[in-house]
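This is target-v4.cif (mmCIF, C-alpha atoms).
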```cif
data_entry
#
loop_
_atom_site.group_PDB
_atom_site.id
_atom_site.type_symbol
_atom_site.label_atom_id
_atom_site.label_comp_id
_atom_site.auth_asym_id
_atom_site.auth_seq_id
_atom_site.Cartn_x
_atom_site.Cartn_y
_atom_site.Cartn_z
ATOM 1 C CA MET A 841 -9.268 -20.532 58.831
ATOM 2 C CA ASP A 842 -5.956 -19.521 57.223
ATOM 3 C CA GLN A 843 -5.453 -16.968 54.452
ATOM 4 C CA ARG A 844 -5.585 -19.478 51.596
ATOM 5 C CA GLU A 845 -8.823 -21.023 52.838
ATOM 6 C CA LEU A 846 -10.357 -17.580 53.293
ATOM 7 C CA GLU A 847 -9.404 -16.558 49.765
ATOM 8 C CA SER A 848 -10.702 -19.853 48.365
ATOM 9 C CA ARG A 849 -14.128 -19.521 50.038
ATOM 10 C CA VAL A 850 -14.548 -15.873 49.068
ATOM 11 C CA LYS A 851 -13.581 -16.740 45.498
ATOM 12 C CA ALA A 852 -16.176 -19.526 45.457
ATOM 13 C CA LEU A 853 -18.764 -17.143 46.909
ATOM 14 C CA THR A 854 -18.099 -14.480 44.262
ATOM 15 C CA LYS A 855 -18.252 -17.072 41.502
ATOM 16 C CA SER A 856 -21.532 -18.484 42.828
ATOM 17 C CA VAL A 857 -23.221 -15.060 42.905
ATOM 18 C CA ALA A 858 -21.847 -14.044 39.495
ATOM 19 C CA ALA A 859 -23.111 -17.293 37.937
ATOM 20 C CA ASN A 860 -26.613 -16.746 39.381
ATOM 21 C CA GLU A 861 -26.514 -20.082 41.175
ATOM 22 C CA PRO A 862 -29.299 -20.883 43.666
ATOM 23 C CA PRO A 863 -29.057 -18.458 46.621
ATOM 24 C CA GLU A 864 -28.710 -21.419 49.001
ATOM 25 C CA ASN A 865 -25.133 -21.938 47.721
ATOM 26 C CA ALA A 866 -24.112 -18.363 48.510
ATOM 27 C CA LEU A 867 -25.871 -18.453 51.871
ATOM 28 C CA ARG A 868 -24.069 -21.654 52.821
ATOM 29 C CA LEU A 869 -20.695 -20.080 51.970
ATOM 30 C CA LEU A 870 -21.588 -16.888 53.844
ATOM 31 C CA GLU A 871 -22.570 -18.897 56.895
ATOM 32 C CA SER A 872 -19.244 -20.752 56.827
ATOM 33 C CA LEU A 873 -17.369 -17.444 56.615
ATOM 34 C CA LYS A 874 -19.352 -16.015 59.516
ATOM 35 C CA LYS A 875 -18.757 -19.107 61.642
ATOM 36 C CA ASP A 876 -15.176 -20.112 60.789
ATOM 37 C CA ALA A 877 -13.382 -16.953 59.606
ATOM 38 C CA SER A 878 -11.673 -14.604 62.059
ATOM 39 C CA PRO A 879 -9.296 -12.829 59.668
ATOM 40 C CA THR A 880 -6.601 -10.353 60.604
ATOM 41 C CA GLU A 881 -6.297 -6.961 58.915
ATOM 42 C CA GLU A 882 -3.368 -8.280 56.863
ATOM 43 C CA MET A 883 -5.411 -11.265 55.653
ATOM 44 C CA LEU A 884 -8.268 -9.002 54.595
ATOM 45 C CA ARG A 885 -5.929 -6.712 52.683
ATOM 46 C CA ALA A 886 -4.127 -9.594 50.988
ATOM 47 C CA THR A 887 -7.307 -11.402 49.903
ATOM 48 C CA ARG A 888 -9.623 -8.381 49.481
ATOM 49 C CA ALA A 889 -12.229 -10.540 51.218
ATOM 50 C CA GLY A 890 -13.782 -7.585 53.031
ATOM 51 C CA VAL A 891 -14.258 -5.618 49.801
ATOM 52 C CA LEU A 892 -15.806 -8.560 47.951
ATOM 53 C CA VAL A 893 -18.175 -9.534 50.756
ATOM 54 C CA ALA A 894 -19.146 -5.884 51.330
ATOM 55 C CA LYS A 895 -20.387 -5.669 47.739
ATOM 56 C CA LEU A 896 -22.964 -8.346 48.526
ATOM 57 C CA ARG A 897 -24.717 -6.030 51.001
ATOM 58 C CA SER A 898 -26.529 -4.559 47.994
ATOM 59 C CA ASN A 899 -27.518 -7.965 46.585
ATOM 60 C CA PRO A 900 -31.204 -8.194 45.505
ATOM 61 C CA ASN A 901 -31.616 -11.266 47.684
ATOM 62 C CA LYS A 902 -32.344 -9.866 51.160
ATOM 63 C CA GLU A 903 -30.969 -12.927 52.981
ATOM 64 C CA ILE A 904 -27.647 -12.727 51.132
ATOM 65 C CA ALA A 905 -27.464 -8.957 51.763
ATOM 66 C CA ARG A 906 -28.202 -9.430 55.473
ATOM 67 C CA ALA A 907 -25.643 -12.230 55.907
ATOM 68 C CA ALA A 908 -22.983 -10.187 54.107
ATOM 69 C CA ALA A 909 -23.689 -7.154 56.321
ATOM 70 C CA GLU A 910 -23.343 -9.283 59.467
ATOM 71 C CA ILE A 911 -19.993 -10.674 58.294
ATOM 72 C CA VAL A 912 -18.636 -7.224 57.416
ATOM 73 C CA ALA A 913 -19.691 -5.900 60.830
ATOM 74 C CA LYS A 914 -18.011 -8.844 62.554
ATOM 75 C CA TRP A 915 -14.769 -8.405 60.600
ATOM 76 C CA LYS A 916 -14.683 -4.657 61.263
ATOM 77 C CA LYS A 917 -14.980 -5.369 64.959
ATOM 78 C CA LEU A 918 -12.129 -7.903 64.785
ATOM 79 C CA VAL A 919 -9.873 -5.420 62.963
ATOM 80 C CA GLU A 920 -10.622 -2.713 65.533
ATOM 81 C CA GLN A 921 -9.810 -5.141 68.351
ATOM 82 C CA GLU A 922 -6.572 -6.061 66.594
ATOM 83 C CA LYS A 923 -5.596 -2.379 66.248
ATOM 84 C CA HIS A 924 -6.353 -1.678 69.909
ATOM 85 C CA SER A 925 -4.320 -4.726 70.916
ATOM 86 C CA LYS A 926 -1.315 -3.638 68.829
ATOM 87 C CA LEU A 927 -1.546 -0.096 70.200
ATOM 88 C CA HIS A 928 -1.678 -1.417 73.761
ATOM 89 C CA LYS A 929 1.359 -3.648 73.173
ATOM 90 C CA ALA A 930 3.278 -0.769 71.614
ATOM 91 C CA LYS A 931 2.544 1.437 74.634
ATOM 92 C CA MET A 932 3.545 -1.317 77.050
ATOM 93 C CA SER A 933 6.846 -1.953 75.248
ATOM 94 C CA SER A 934 7.785 1.741 74.772
ATOM 95 C CA PRO A 935 10.219 3.252 77.299
ATOM 96 C CA ALA A 936 8.831 5.441 80.069
ATOM 97 C CA PRO A 937 9.038 9.201 79.447
ATOM 98 C CA ALA A 938 11.754 11.209 81.166
ATOM 99 C CA PRO A 939 10.753 12.755 84.503
ATOM 100 C CA ALA A 940 9.437 16.320 84.323
ATOM 101 C CA SER A 941 12.110 17.420 86.815
ATOM 102 C CA SER A 942 14.888 16.625 84.304
ATOM 103 C CA PRO A 943 14.510 19.211 81.537
ATOM 104 C CA ALA A 944 17.972 18.441 80.257
ATOM 105 C CA MET A 945 16.864 15.013 79.154
ATOM 106 C CA ALA A 946 15.142 14.820 75.750
ATOM 107 C CA PRO A 947 11.839 12.896 75.555
ATOM 108 C CA ALA A 948 12.186 9.311 74.405
ATOM 109 C CA ALA A 949 11.467 8.894 70.703
ATOM 110 C CA SER A 950 8.412 6.813 69.901
ATOM 111 C CA THR A 951 9.236 3.485 68.313
ATOM 112 C CA SER A 952 7.442 2.396 65.166
ATOM 113 C CA ALA A 953 5.367 -0.750 65.323
ATOM 114 C CA LYS A 954 6.561 -1.660 61.837
ATOM 115 C CA LYS A 955 9.737 -3.612 61.236
ATOM 116 C CA VAL A 956 11.797 -1.583 58.769
ATOM 117 C CA PHE A 957 13.901 -3.440 56.200
ATOM 118 C CA LYS A 958 17.614 -2.955 56.917
ATOM 119 C CA GLY A 959 19.306 -4.633 53.934
ATOM 120 C CA ASP A 960 20.155 -3.226 50.499
ATOM 121 C CA PRO A 961 16.782 -2.004 49.142
ATOM 122 C CA GLU A 962 18.024 -2.124 45.547
ATOM 123 C CA LYS A 963 18.589 -5.893 45.797
ATOM 124 C CA ARG A 964 15.273 -6.846 47.413
ATOM 125 C CA LYS A 965 13.337 -9.766 45.959
ATOM 126 C CA PHE A 966 10.675 -12.038 47.393
ATOM 127 C CA ASP A 967 13.046 -15.015 47.627
ATOM 128 C CA SER A 968 15.835 -13.069 49.339
ATOM 129 C CA ASP A 969 13.229 -11.573 51.702
ATOM 130 C CA GLY A 970 12.064 -15.090 52.547
ATOM 131 C CA VAL A 971 8.505 -14.374 51.404
ATOM 132 C CA ASP A 972 6.101 -17.156 50.411
ATOM 133 C CA ILE A 973 4.312 -15.998 47.236
ATOM 134 C CA LYS A 974 2.032 -19.041 46.997
ATOM 135 C CA ARG A 975 -1.271 -17.276 47.555
ATOM 136 C CA THR A 976 -3.399 -18.921 44.853
ATOM 137 C CA ASP A 977 -3.832 -22.353 43.277
ATOM 138 C CA SER A 978 -2.219 -21.102 40.054
ATOM 139 C CA ASN A 979 1.547 -21.131 39.548
ATOM 140 C CA VAL A 980 1.217 -18.381 36.914
ATOM 141 C CA ARG A 981 -0.610 -16.090 39.330
ATOM 142 C CA ASN A 982 1.835 -16.831 42.131
ATOM 143 C CA GLN A 983 4.771 -15.943 39.872
ATOM 144 C CA CYS A 984 3.026 -12.702 38.931
ATOM 145 C CA ILE A 985 2.586 -11.896 42.621
ATOM 146 C CA GLY A 986 6.329 -12.444 42.985
ATOM 147 C CA LEU A 987 7.067 -10.171 40.032
ATOM 148 C CA VAL A 988 4.924 -7.370 41.468
ATOM 149 C CA TYR A 989 6.585 -7.898 44.872
ATOM 150 C CA ASN A 990 10.035 -7.513 43.287
ATOM 151 C CA GLY A 991 8.948 -4.273 41.626
ATOM 152 C CA LEU A 992 7.380 -2.788 44.763
ATOM 153 C CA ALA A 993 10.250 -3.907 47.009
ATOM 154 C CA TYR A 994 12.866 -2.265 44.781
ATOM 155 C CA ARG A 995 14.359 0.658 46.744
ATOM 156 C CA SER A 996 11.723 0.240 49.491
ATOM 157 C CA THR A 997 12.306 -0.281 53.214
ATOM 158 C CA GLU A 998 8.684 -1.215 53.959
ATOM 159 C CA PRO A 999 8.061 -4.481 55.885
ATOM 160 C CA GLU A 1000 7.734 -7.695 53.865
ATOM 161 C CA SER A 1001 4.149 -8.240 55.037
ATOM 162 C CA ASP A 1002 3.014 -4.829 53.722
ATOM 163 C CA ILE A 1003 4.652 -5.330 50.340
ATOM 164 C CA LEU A 1004 3.224 -8.845 50.011
ATOM 165 C CA ALA A 1005 -0.297 -7.695 50.895
ATOM 166 C CA LYS A 1006 -0.124 -4.945 48.275
ATOM 167 C CA SER A 1007 1.362 -7.331 45.682
ATOM 168 C CA VAL A 1008 -1.492 -9.802 46.202
ATOM 169 C CA ALA A 1009 -4.031 -6.989 45.874
ATOM 170 C CA VAL A 1010 -2.434 -5.690 42.655
ATOM 171 C CA GLU A 1011 -2.284 -9.148 41.084
ATOM 172 C CA HIS A 1012 -5.895 -9.852 42.041
ATOM 173 C CA ALA A 1013 -7.010 -6.553 40.522
ATOM 174 C CA ALA A 1014 -5.208 -7.422 37.265
ATOM 175 C CA PHE A 1015 -6.704 -10.927 37.294
ATOM 176 C CA VAL A 1016 -10.211 -9.479 37.651
ATOM 177 C CA LEU A 1017 -9.656 -6.681 35.101
ATOM 178 C CA PHE A 1018 -8.416 -9.049 32.385
ATOM 179 C CA SER A 1019 -10.755 -11.929 33.318
ATOM 180 C CA GLY A 1020 -8.044 -14.510 33.930
ATOM 181 C CA GLU A 1021 -4.384 -15.184 33.262
ATOM 182 C CA GLY A 1022 -4.404 -14.516 29.524
ATOM 183 C CA ALA A 1023 -1.868 -12.692 27.382
ATOM 184 C CA ASP A 1024 -3.154 -9.212 28.310
ATOM 185 C CA TYR A 1025 -2.951 -10.059 32.030
ATOM 186 C CA LYS A 1026 0.672 -11.216 31.716
ATOM 187 C CA LYS A 1027 1.605 -8.241 29.537
ATOM 188 C CA LYS A 1028 0.166 -5.823 32.106
ATOM 189 C CA ILE A 1029 2.031 -7.451 35.011
ATOM 190 C CA ARG A 1030 5.324 -7.230 33.051
ATOM 191 C CA SER A 1031 4.591 -3.581 32.216
ATOM 192 C CA LEU A 1032 3.917 -2.738 35.871
ATOM 193 C CA PHE A 1033 7.142 -4.465 36.926
ATOM 194 C CA THR A 1034 9.170 -2.588 34.281
ATOM 195 C CA ASN A 1035 7.761 0.774 35.355
ATOM 196 C CA LEU A 1036 8.326 0.032 39.053
ATOM 197 C CA LYS A 1037 11.973 -0.859 38.331
ATOM 198 C CA ASN A 1038 12.564 2.269 36.250
ATOM 199 C CA LYS A 1039 15.129 4.365 38.129
ATOM 200 C CA SER A 1040 13.696 7.586 36.735
ATOM 201 C CA ASN A 1041 10.261 6.719 38.154
ATOM 202 C CA LYS A 1042 11.046 6.735 41.867
ATOM 203 C CA GLU A 1043 7.628 7.956 43.022
ATOM 204 C CA LEU A 1044 5.548 5.140 41.501
ATOM 205 C CA GLY A 1045 6.346 2.330 43.972
ATOM 206 C CA PRO A 1046 5.880 4.412 47.139
ATOM 207 C CA ARG A 1047 2.578 5.829 45.827
ATOM 208 C CA VAL A 1048 1.238 2.305 45.288
ATOM 209 C CA LEU A 1049 2.451 1.117 48.692
ATOM 210 C CA ASN A 1050 1.015 4.062 50.630
ATOM 211 C CA GLY A 1051 -2.360 3.791 48.900
ATOM 212 C CA ALA A 1052 -2.152 6.987 46.848
ATOM 213 C CA ILE A 1053 -2.689 4.728 43.831
ATOM 214 C CA ALA A 1054 -5.225 1.968 44.513
ATOM 215 C CA PRO A 1055 -4.538 -1.502 43.035
ATOM 216 C CA GLU A 1056 -7.589 -1.264 40.746
ATOM 217 C CA GLU A 1057 -6.376 2.100 39.420
ATOM 218 C CA PHE A 1058 -2.770 0.891 39.128
ATOM 219 C CA VAL A 1059 -3.568 -2.062 36.857
ATOM 220 C CA SER A 1060 -5.756 0.056 34.578
ATOM 221 C CA MET A 1061 -3.177 2.820 34.043
ATOM 222 C CA THR A 1062 -1.685 3.160 30.553
ATOM 223 C CA ASP A 1063 2.067 3.236 29.906
ATOM 224 C CA GLU A 1064 1.791 6.999 29.494
ATOM 225 C CA GLN A 1065 0.024 7.392 32.852
ATOM 226 C CA LEU A 1066 2.611 5.216 34.589
ATOM 227 C CA LYS A 1067 5.450 7.542 33.588
ATOM 228 C CA SER A 1068 6.820 10.012 36.094
ATOM 229 C CA GLU A 1069 6.442 13.752 35.656
ATOM 230 C CA ASP A 1070 10.170 14.024 34.863
ATOM 231 C CA GLN A 1071 9.863 11.366 32.142
ATOM 232 C CA ARG A 1072 6.974 13.227 30.517
ATOM 233 C CA LYS A 1073 8.867 16.536 30.600
ATOM 234 C CA LYS A 1074 11.944 14.971 28.992
ATOM 235 C CA GLU A 1075 9.846 13.370 26.248
ATOM 236 C CA ILE A 1076 8.080 16.667 25.550
ATOM 237 C CA GLU A 1077 11.423 18.477 25.271
ATOM 238 C CA LEU A 1078 12.762 15.746 22.973
ATOM 239 C CA GLU A 1079 9.650 15.975 20.796
ATOM 240 C CA LYS A 1080 10.032 19.757 20.543
ATOM 241 C CA GLU A 1081 13.700 19.372 19.575
ATOM 242 C CA ASN A 1082 12.819 16.826 16.882
ATOM 243 C CA MET A 1083 10.122 19.152 15.548
ATOM 244 C CA LYS A 1084 12.655 21.972 15.275
ATOM 245 C CA LYS A 1085 15.047 19.731 13.385
ATOM 246 C CA ALA A 1086 12.270 18.597 11.067
ATOM 247 C CA GLN A 1087 11.404 22.210 10.275
ATOM 248 C CA VAL A 1088 14.922 23.108 9.056
ATOM 249 C CA PRO A 1089 14.485 24.164 5.396
ATOM 250 C CA MET A 1090 15.946 21.744 2.877
ATOM 251 C CA ALA A 1091 18.024 22.949 -0.038
ATOM 252 C CA GLU A 1092 15.796 23.281 -3.090
ATOM 253 C CA LYS A 1093 16.622 20.787 -5.851
ATOM 254 C CA SER A 1094 16.355 21.434 -9.574
ATOM 255 C CA ILE A 1095 15.444 18.824 -12.174
ATOM 256 C CA SER A 1096 17.593 18.572 -15.300
ATOM 257 C CA ASP A 1097 16.794 16.734 -18.522
ATOM 258 C CA SER A 1098 20.335 17.156 -19.821
ATOM 259 C CA LEU A 1099 22.134 15.218 -17.073
ATOM 260 C CA GLU A 1100 22.179 11.462 -17.597
ATOM 261 C CA CYS A 1101 22.407 8.782 -14.916
ATOM 262 C CA SER A 1102 25.415 6.539 -15.526
ATOM 263 C CA ARG A 1103 23.564 3.584 -14.008
ATOM 264 C CA CYS A 1104 20.124 3.529 -15.658
ATOM 265 C CA LYS A 1105 20.855 5.976 -18.540
ATOM 266 C CA GLN A 1106 17.716 7.995 -17.726
ATOM 267 C CA LYS A 1107 17.686 11.788 -17.948
ATOM 268 C CA LYS A 1108 15.591 12.376 -14.861
ATOM 269 C CA VAL A 1109 18.217 13.847 -12.570
ATOM 270 C CA SER A 1110 17.764 16.340 -9.714
ATOM 271 C CA TYR A 1111 20.705 18.436 -8.628
ATOM 272 C CA THR A 1112 21.860 21.047 -6.137
ATOM 273 C CA GLN A 1113 25.009 23.136 -6.154
ATOM 274 C CA ALA A 1114 27.173 24.262 -3.271
ATOM 275 C CA GLN A 1115 30.503 26.065 -2.869
ATOM 276 C CA THR A 1116 32.536 23.418 -1.067
ATOM 277 C CA ARG A 1117 35.995 24.755 -1.880
ATOM 278 C CA SER A 1118 37.555 28.213 -2.178
ATOM 279 C CA ALA A 1119 35.626 30.978 -3.925
ATOM 280 C CA ASP A 1120 37.783 30.872 -7.047
ATOM 281 C CA GLU A 1121 37.039 27.184 -7.549
ATOM 282 C CA PRO A 1122 33.916 25.980 -9.399
ATOM 283 C CA MET A 1123 30.861 24.938 -7.408
ATOM 284 C CA THR A 1124 30.228 21.265 -6.648
ATOM 285 C CA THR A 1125 27.087 19.762 -8.182
ATOM 286 C CA PHE A 1126 25.299 17.012 -6.244
ATOM 287 C CA CYS A 1127 23.106 14.769 -8.400
ATOM 288 C CA GLU A 1128 20.424 12.181 -7.690
ATOM 289 C CA CYS A 1129 18.636 10.067 -10.266
ATOM 290 C CA MET A 1130 14.882 10.301 -9.760
ATOM 291 C CA ASN A 1131 14.491 6.931 -11.514
ATOM 292 C CA CYS A 1132 16.907 4.602 -9.709
ATOM 293 C CA GLY A 1133 18.156 6.719 -6.800
ATOM 294 C CA HIS A 1134 21.807 6.692 -7.875
ATOM 295 C CA ARG A 1135 23.785 9.619 -6.434
ATOM 296 C CA TRP A 1136 27.032 11.293 -7.562
ATOM 297 C CA LYS A 1137 28.782 14.640 -7.606
ATOM 298 C CA PHE A 1138 31.097 16.589 -9.868
ATOM 299 C CA SER A 1139 32.750 19.984 -10.100
#
```
Kindly transcribe the structure held in the file into C-alpha cells.
Amino acid sequence: MDQRELESRVKALTKSVAANEPPENALRLLESLKKDASPTEEMLRATRAGVLVAKLRSNPNKEIARAAAEIVAKWKKLVEQEKHSKLHKAKMSSPAPAPASSPAMAPAASTSAKKVFKGDPEKRKFDSDGVDIKRTDSNVRNQCIGLVYNGLAYRSTEPESDILAKSVAVEHAAFVLFSGEGADYKKKIRSLFTNLKNKSNKELGPRVLNGAIAPEEFVSMTDEQLKSEDQRKKEIELEKENMKKAQVPMAEKSISDSLECSRCKQKKVSYTQAQTRSADEPMTTFCECMNCGHRWKFS
C-alpha cells in the first residue's frame, strides 16, 4: 500500500466514525489497514495515519478500539525495525575508527544519515527540489502543500523528504481546523507562507521543522503569535514613539468673532499667533474658518 492509498483509507475510516456509520464499515477499513498497510515512518508522518488511528483506541465500540490498538502496535513495531535497520546501515557504512596506537590521528567524524541540501537555500521551491506535492485528490490542497513547502524550505538545508512530510502535516492540520478548503483555510495558508518568508522571522521555519511548534499549534497561531520576538520589540518601540508624538502639546487656538472668512463670509474663525520673523516685526496670525475649513495667514 503506497502513501496515497494509506491516506485515502485512513480518511475514509475517520469519516465513517465521525458520521456514526455502522461499526462494520470502520471494522472493515481497520482490517484492511492491518492486513495491507506496512507504512514507513515518513509515510506515517506525512499522512498522520498513526495519530488518527490511535485516537480510535478510546472508541466506545470495543471491537473498533481493539482493532485500532492492534494496528498501532503493529506500526510501532515496523517503525522501530526501520530505525534499527537504518542505524545498522549507518554503522556498516561509517569508516572504521583510527587505531588506539595512533594518537596523532583524530577520530573519524560520524556521518549524518540525512542528506543535507547543498544548493542556494534562499531559492528553494518544491518544483526546483523535484518534489511531488500531489498528496491528496484536491488540486487546491496540493497547491497549498506546495506553498507551505516553499515557506519551510526557504533558507533551510533540511532534506526534501523532511520538509515535505512537515508540509503535508501542516496542510492537513489547517484542513481539519477550518473544516475544508474554504476562504479561511486559504487565507491561513497564505498567512503562514508570508510569515515563513519574512526575513526578520528567521526562527519560525526551523521551529516548525524541528517540532518545537506542532502543525496543529502552527495553523491555529494568530498573526501576532507568528511574529518573531524582534518584530514585537520593534513594534512596541514604534508604538511608544507614536504615543510620545501624540502627546506633544498643541498650540492653543483662540476663536474670534471679528475675523471674517473670505470664502464663506462667516465670522467663526480660530487663530494662533507666532513670531516667524525678527523680533521687531509684527507677529504672524494663522487663521482657520471653523465653518468651511479655509485657512490663511497675515501679519
Contact residues around Leu869 of chain A with only C-alpha atoms at 7 Å, ignoring same-chain residues under 4 positions, as a ChimeraX atom specification: /A:849,853,865,873
Atomic distance atom CA of Ala886 of chain A - atom CA of Pro1055 of chain A, expressed in Å with one decimal: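 Straight-line distance from atom CA of Ala886 of chain A to atom CA of Pro1055 of chain A works out to 11.4 Å.
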I want to know what sits within 8 Å of Leu1032 of chain A, based on only C-alpha atoms, with residues of the same chain fewer than 6 positions away left out; could you give that as a tab-separated table (two decimals) with C-alpha atoms, keeping the file's coordinate frame?
```tsv
chain	number	residue	atom	x	y	z
A	988	VAL	CA	4.92	-7.37	41.47
A	991	GLY	CA	8.95	-4.27	41.63
A	1059	VAL	CA	-3.57	-2.06	36.86
```
Point-to-point distance in Å for atom CA of Pro900 of chain A and atom CA of Phe1015 of chain A: 26.0 Å
Residues within 12 Å of (-18.0, -6.5, 48.7), file coords, all atoms listed in the file, listed as a list in words: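 I get Val850, Lys851, Leu853, Thr854, Val857, Leu884, Thr887, Arg888, Ala889, Gly890, Val891, Leu892, Val893, Ala894, Lys895, Leu896, Arg897, Ser898, Asn899, Ile904, Ala905, Ala907, Ala908, Ala909, Ile911 and Val912 of chain A for the residues within 12 Å of that point.
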Hits of the PyMOL selection byres ((chain A and resi 963) around 10) in this structure, as a PyMOL selection string: chain A and resi 959-962+964-965+968-969+990+993-996
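Pairwise distance (atom CA of Met883 of chain A, atom CA of Gln843 of chain A) equals 5.8 Å.
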Distance query Val980 of chain A at most 12 Å, all atoms listed in the file, self and fewer than 3 positions along chain excluded, as a ChimeraX atom specification: /A:973-977,983-987,1011,1015,1020-1023,1025-1026,1029
Using all atoms of segment 978-995 of chain A listed in the file and a margin of 3 Å per side, can you give the axis-aligned box centre and edge lengths in Å to one decimal, as JSON?
```
{"center_x": 6.1, "center_y": -10.2, "center_z": 42.0, "size_x": 22.6, "size_y": 27.8, "size_z": 16.1}
```
Residues in the PyMOL selection byres ((chain A and resi 1127-1134) around 6), expressed as a ChimeraX atom specification: /A:1108-1111,1126,1135-1137
Neighbours of point (-9.7, -1.6, 40.8) within 10 Å, using all atoms listed in the file, written as a ChimeraX atom specification: /A:1009-1010,1012-1014,1016-1017,1053-1060
The PyMOL selection byres ((chain A and resi 841) around 12) resolved against shown file, as a list in words: Asp842, Gln843, Arg844, Glu845, Leu846, Glu847, Ser848, Arg849, Ser872, Leu873, Lys874, Lys875, Asp876, Ala877, Ser878, Pro879, Thr880 and Met883 of chain A
Selection: 6 Å around Lys1107 of chain A, all atoms listed in the file, excl. self and same-chain fewer than 5 positions, as a list in words: Asp1097, Leu1099 and Glu1100 of chain A
6 Å contact set for Met1123 of chain A, only C-alpha atoms, chain neighbours under 3 positions out, as a PDB file with C-alpha atoms, in the coordinates of the input:
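File written: out.pdb
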```
ATOM      1  CA  ALA A1114      27.173  24.262  -3.271  1.00  0.00           C
ATOM      2  CA  GLN A1115      30.503  26.065  -2.869  1.00  0.00           C
ATOM      3  CA  SER A1139      32.750  19.984 -10.100  1.00  0.00           C
TER       4      SER A1139
END
```
